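This is query.csv (CSV, C-alpha atoms).
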```csv
chain,number,residue,atom,x,y,z
I,294,MET,CA,12.0,4.6,20.2
I,295,SER,CA,12.9,0.9,20.4
I,296,ASP,CA,15.3,-0.8,18.0
I,297,ASN,CA,12.4,-3.0,16.8
I,298,LEU,CA,10.2,0.0,16.0
I,299,THR,CA,13.1,1.7,14.3
I,300,SER,CA,13.6,-1.4,12.1
I,301,ILE,CA,9.9,-1.6,11.3
I,302,ILE,CA,9.9,2.0,10.2
I,303,GLU,CA,13.0,1.6,8.1
I,304,ILE,CA,11.5,-1.3,6.3
I,305,ALA,CA,8.4,0.8,5.5
I,306,ASP,CA,10.6,3.6,4.3
I,307,ILE,CA,12.4,1.3,1.9
I,308,HIS,CA,9.1,0.1,0.5
I,309,GLU,CA,7.9,3.7,0.1
I,310,LYS,CA,11.2,4.7,-1.6
I,311,ARG,CA,10.9,1.9,-4.1
I,312,ILE,CA,7.2,2.8,-4.8
I,313,ILE,CA,8.2,6.4,-5.5
I,314,GLN,CA,11.2,5.3,-7.7
I,315,ALA,CA,8.9,3.0,-9.8
I,316,LEU,CA,6.3,5.7,-10.1
I,317,SER,CA,8.9,8.2,-11.3
I,318,HIS,CA,9.3,5.9,-14.3
I,319,LEU,CA,5.6,5.2,-14.7
I,320,ASN,CA,3.8,8.4,-14.2
I,321,SER,CA,3.7,9.1,-18.0
I,322,ILE,CA,1.7,5.9,-18.7
I,323,PHE,CA,-1.1,6.6,-16.2
I,324,PRO,CA,-4.0,6.4,-16.7
I,325,VAL,CA,-3.3,3.1,-18.5
I,326,GLN,CA,-5.7,2.2,-21.3
I,327,ALA,CA,-6.7,-1.4,-21.9
I,328,SER,CA,-5.2,-1.2,-25.4
I,329,GLN,CA,-1.8,-0.4,-23.8
I,330,VAL,CA,-1.7,-3.2,-21.3
I,331,GLN,CA,-0.3,-5.9,-23.7
I,332,ASN,CA,1.9,-3.5,-25.6
I,333,LEU,CA,3.9,-1.7,-22.9
I,334,PRO,CA,7.6,-1.5,-23.3
I,335,GLU,CA,9.6,-4.1,-21.3
I,336,GLU,CA,11.0,-1.4,-19.1
I,337,HIS,CA,7.5,-0.3,-18.1
I,338,PHE,CA,6.6,-3.9,-17.2
I,339,LEU,CA,9.6,-4.1,-15.0
I,340,TYR,CA,8.7,-0.9,-13.2
I,341,LEU,CA,5.1,-2.0,-12.9
I,342,GLU,CA,6.3,-5.2,-11.2
I,343,LEU,CA,8.5,-3.2,-8.8
I,344,PHE,CA,5.6,-0.8,-8.1
I,345,LEU,CA,3.0,-3.6,-7.5
I,346,ASN,CA,5.4,-5.7,-5.4
I,347,ARG,CA,6.3,-2.9,-3.1
I,348,PHE,CA,2.7,-1.7,-2.8
I,349,ALA,CA,1.8,-5.1,-1.6
I,350,LYS,CA,4.8,-5.5,0.6
I,351,LEU,CA,4.1,-2.1,2.2
I,352,GLN,CA,0.5,-2.8,2.8
I,353,ASP,CA,1.3,-6.2,4.4
I,354,HIS,CA,4.1,-4.7,6.5
I,355,MET,CA,1.8,-2.0,7.8
I,356,GLY,CA,-0.9,-4.5,8.6
I,357,LYS,CA,1.4,-6.9,10.4
I,358,HIS,CA,3.8,-4.5,12.1
I,359,LEU,CA,3.1,-0.8,12.0
I,360,PHE,CA,-0.5,-1.0,13.0
I,361,ASN,CA,0.3,-3.2,16.0
I,362,GLU,CA,3.1,-0.9,17.1
I,363,TYR,CA,0.7,2.0,16.9
I,364,PHE,CA,-1.8,0.2,19.1
I,365,LYS,CA,0.9,-0.9,21.5
I,366,ALA,CA,2.1,2.7,21.8
I,367,ASN,CA,-1.4,3.8,22.5
I,368,SER,CA,-2.1,1.1,25.1
I,369,GLU,CA,-4.8,-0.4,22.9
I,370,ASP,CA,-5.4,-4.1,23.3
I,371,VAL,CA,-6.2,-5.5,19.9
I,372,THR,CA,-5.3,-9.1,20.6
I,373,ASN,CA,-8.7,-10.5,19.6
I,374,LEU,CA,-9.6,-8.0,17.0
I,375,THR,CA,-10.0,-8.7,13.3
I,376,MET,CA,-8.1,-6.7,10.8
I,377,LEU,CA,-11.4,-4.9,9.9
I,378,ASP,CA,-11.8,-4.0,13.6
I,379,LYS,CA,-8.3,-2.7,13.7
I,380,LEU,CA,-8.9,-0.6,10.6
I,381,HIS,CA,-12.0,0.9,12.1
I,382,LYS,CA,-10.0,1.9,15.2
I,383,LEU,CA,-7.3,3.4,13.0
I,384,GLU,CA,-10.0,5.4,11.2
I,385,LYS,CA,-11.4,6.6,14.5
I,386,PHE,CA,-7.9,7.8,15.5
I,387,GLY,CA,-7.5,9.6,12.2
I,388,ILE,CA,-4.7,7.4,10.8
I,389,ILE,CA,-6.8,6.0,8.0
I,390,GLU,CA,-9.4,8.2,6.3
I,391,ASP,CA,-11.7,5.3,5.3
I,392,ALA,CA,-11.3,1.7,6.6
I,393,SER,CA,-13.1,0.3,3.5
I,394,ILE,CA,-10.5,1.7,1.2
I,395,TRP,CA,-7.9,-0.6,2.8
I,396,GLN,CA,-9.9,-3.6,1.8
I,397,GLU,CA,-10.4,-2.2,-1.7
I,398,MET,CA,-6.6,-1.8,-1.9
I,399,ARG,CA,-6.1,-5.5,-1.0
I,400,ASP,CA,-8.8,-6.6,-3.5
I,401,ALA,CA,-7.1,-4.5,-6.3
I,402,ARG,CA,-3.6,-5.9,-5.6
I,403,ASN,CA,-5.0,-9.4,-5.5
I,404,ILE,CA,-6.4,-8.9,-9.0
I,405,VAL,CA,-3.1,-7.8,-10.4
I,406,SER,CA,-1.2,-10.6,-8.7
I,407,HIS,CA,-2.8,-13.0,-11.1
I,408,GLU,CA,-2.3,-13.0,-14.9
I,409,TYR,CA,-5.4,-12.0,-16.9
I,410,PRO,CA,-4.1,-11.9,-20.5
I,411,ASP,CA,-7.6,-12.2,-21.8
I,412,ASN,CA,-8.9,-9.2,-19.8
I,413,PRO,CA,-6.8,-6.2,-20.4
I,414,GLU,CA,-9.7,-3.9,-19.4
I,415,LEU,CA,-9.7,-5.4,-15.9
I,416,ILE,CA,-5.9,-5.1,-15.6
I,417,ALA,CA,-5.9,-1.5,-16.9
I,418,ASN,CA,-8.7,-0.5,-14.5
I,419,THR,CA,-7.0,-2.2,-11.6
I,420,LEU,CA,-3.6,-0.7,-12.3
I,421,ASN,CA,-5.2,2.8,-12.4
I,422,LEU,CA,-6.9,2.1,-9.1
I,423,ILE,CA,-3.7,1.0,-7.4
I,424,TYR,CA,-1.9,4.0,-8.9
I,425,THR,CA,-4.6,6.2,-7.2
I,426,TYR,CA,-4.4,4.2,-4.0
I,427,SER,CA,-0.6,4.4,-3.8
I,428,GLY,CA,-0.9,8.0,-2.6
I,429,GLN,CA,-3.4,7.0,0.0
I,430,LEU,CA,-1.2,4.1,1.1
I,431,LEU,CA,1.8,6.3,1.5
I,432,GLN,CA,-0.2,8.9,3.4
I,433,VAL,CA,-1.4,6.2,5.9
I,434,LYS,CA,2.2,5.1,6.3
I,435,ASN,CA,3.3,8.6,6.9
I,436,ASN,CA,0.4,9.3,9.3
I,437,ILE,CA,1.2,6.3,11.5
I,438,VAL,CA,5.0,6.9,11.5
I,439,ALA,CA,4.5,10.5,12.5
I,440,ALA,CA,2.1,9.4,15.3
I,441,LEU,CA,4.6,6.8,16.5
I,442,GLN,CA,7.5,9.2,16.4
I,443,LYS,CA,5.6,11.6,18.8
I,444,LYS,CA,5.4,8.9,21.4
```
Show me the file's structure as structure tokens.
Amino acid sequence: MSDNLTSIIEIADIHEKRIIQALSHLNSIFPVQASQVQNLPEEHFLYLELFLNRFAKLQDHMGKHLFNEYFKANSEDVTNLTMLDKLHKLEKFGIIEDASIWQEMRDARNIVSHEYPDNPELIANTLNLIYTYSGQLLQVKNNIVAALQKK
């Protein structure tokens, strides 16, 4: 395995570790209710920030680096493919269960990256969605890392 690939995997592992750490402090609040959103203890807000930040960073890192390393290792030319096309290829290879979920993850994280103090229902629903998606994101990460380590 190249030093570059090792570094890419190490970064993904750090994001995963931080997600798991944050969730260990947050599992008790899920599912979040709209009435809780504005009244969560400060510590929960801090762990939510960590969780959401690392979720976004891991998804970005995978899209920019891990996916391309996977395609390169499998001699797949994806130079002119859109992200959606790449996702469909990854679905075909069994790395991603459903390509459309990846876009749903992006949409959800984009919602929580903005402040919606007047819409706690939207925030609660989106937090719950990302909480559910976190397991899927980590599974995709582990699938692709395992596939790369076999090469």
For Asn418 (chain I), which residue among I:Ala440, I:Leu430, I:Val325, I:Leu319 is the nearest when counting all atoms listed in the file?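 With all atoms listed in the file as the atom set, the closest residue is I:Val325.
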Point out the residue among I:Leu339, I:Ala392, I:Leu359, I:Leu345 with the least atom-to-atom distance to Gln442 (chain I), counting only C-alpha atoms.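 Checking each candidate against Gln442 (chain I), we get I:Leu359 as the closest.
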Quick one: residues within 12 Å of Thr419 (chain I), all atoms listed in the file counted, chain neighbours fewer than 5 positions away excluded, as a VMD selection string? chain I and resid 323 to 327 330 345 397 to 407 409 412 to 414 424 to 426
Which one of I:Tyr340, I:Asn320, I:Leu374, I:Arg311 sits closest to Asn421 (chain I) if you count all atoms listed in the file? I:Asn320
Identify which of the residues I:Ile301, I:Ile389, I:Val433, I:Ala315 lies closest to Leu343 (chain I), counting all atoms listed in the file when measuring atom-to-atom distances.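 For Leu343 (chain I), the nearest of the candidates is I:Ala315.
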List as a compact mmCIF listing (two decimals) with C-alpha atoms, keeping the file's coordinate frame the protein and nucleic acid residues near Glu362 (chain I), meaning an atom at most 12 Å away when only C-alpha atoms are counted, but skip any in the same chain fewer than 6 places from it.
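Output file selection_4.txt follows:
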```
# COMPACT_ATOMS: atom_id res chain seq x y z
CA MET I 294 12.00 4.60 20.20
CA SER I 295 12.90 0.90 20.40
CA ASN I 297 12.40 -3.00 16.80
CA LEU I 298 10.20 0.00 16.00
CA THR I 299 13.10 1.70 14.30
CA SER I 300 13.60 -1.40 12.10
CA ILE I 301 9.90 -1.60 11.30
CA ILE I 302 9.90 2.00 10.20
CA HIS I 354 4.10 -4.70 6.50
CA MET I 355 1.80 -2.00 7.80
CA GLY I 356 -0.90 -4.50 8.60
CA SER I 368 -2.10 1.10 25.10
CA GLU I 369 -4.80 -0.40 22.90
CA ASP I 370 -5.40 -4.10 23.30
CA VAL I 371 -6.20 -5.50 19.90
CA LEU I 383 -7.30 3.40 13.00
CA ILE I 437 1.20 6.30 11.50
CA VAL I 438 5.00 6.90 11.50
CA ALA I 440 2.10 9.40 15.30
CA LEU I 441 4.60 6.80 16.50
CA GLN I 442 7.50 9.20 16.40
CA LYS I 444 5.40 8.90 21.40
```
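Interatomic distance, CA of Arg347 (chain I) against CA of Ile312 (chain I): 6.0 Å.
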Write out as an mmCIF file with C-alpha atoms, in the frame of the given file the residues lying within 10 Å of Pro410 (chain I), counting all atoms listed in the file and excluding same-chain residues fewer than 5 positions away.
```cif
data_model
loop_
_atom_site.group_PDB
_atom_site.id
_atom_site.type_symbol
_atom_site.label_atom_id
_atom_site.label_comp_id
_atom_site.auth_asym_id
_atom_site.auth_seq_id
_atom_site.Cartn_x
_atom_site.Cartn_y
_atom_site.Cartn_z
ATOM 1 C CA VAL I 330 -1.700 -3.200 -21.300
ATOM 2 C CA GLN I 331 -0.300 -5.900 -23.700
ATOM 3 C CA LEU I 415 -9.700 -5.400 -15.900
ATOM 4 C CA ILE I 416 -5.900 -5.100 -15.600
#
```
Spatial sel., origin (10.9, -0.8, -5.3), limit 12 Å, all atoms listed in the file, listed as a list in words: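 All residues meeting the 12 Å criterion around (10.9, -0.8, -5.3) are Ile304, Ala305, Asp306, Ile307, His308, Glu309, Lys310, Arg311, Ile312, Ile313, Gln314, Ala315, Leu316, Ser317, His318, Leu339, Tyr340, Leu341, Glu342, Leu343, Phe344, Leu345, Asn346, Arg347, Phe348, Ala349, Lys350 and Leu351 of chain I.
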Would you compute the distance between CA of Glu336 (chain I) and CA of Leu422 (chain I)? Give it in Å to one decimal. 20.8 Å
Would you compute the distance between CA of Ser328 (chain I) and CA of Trp395 (chain I)? Give it in Å to one decimal.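 It comes out at 28.3 Å.
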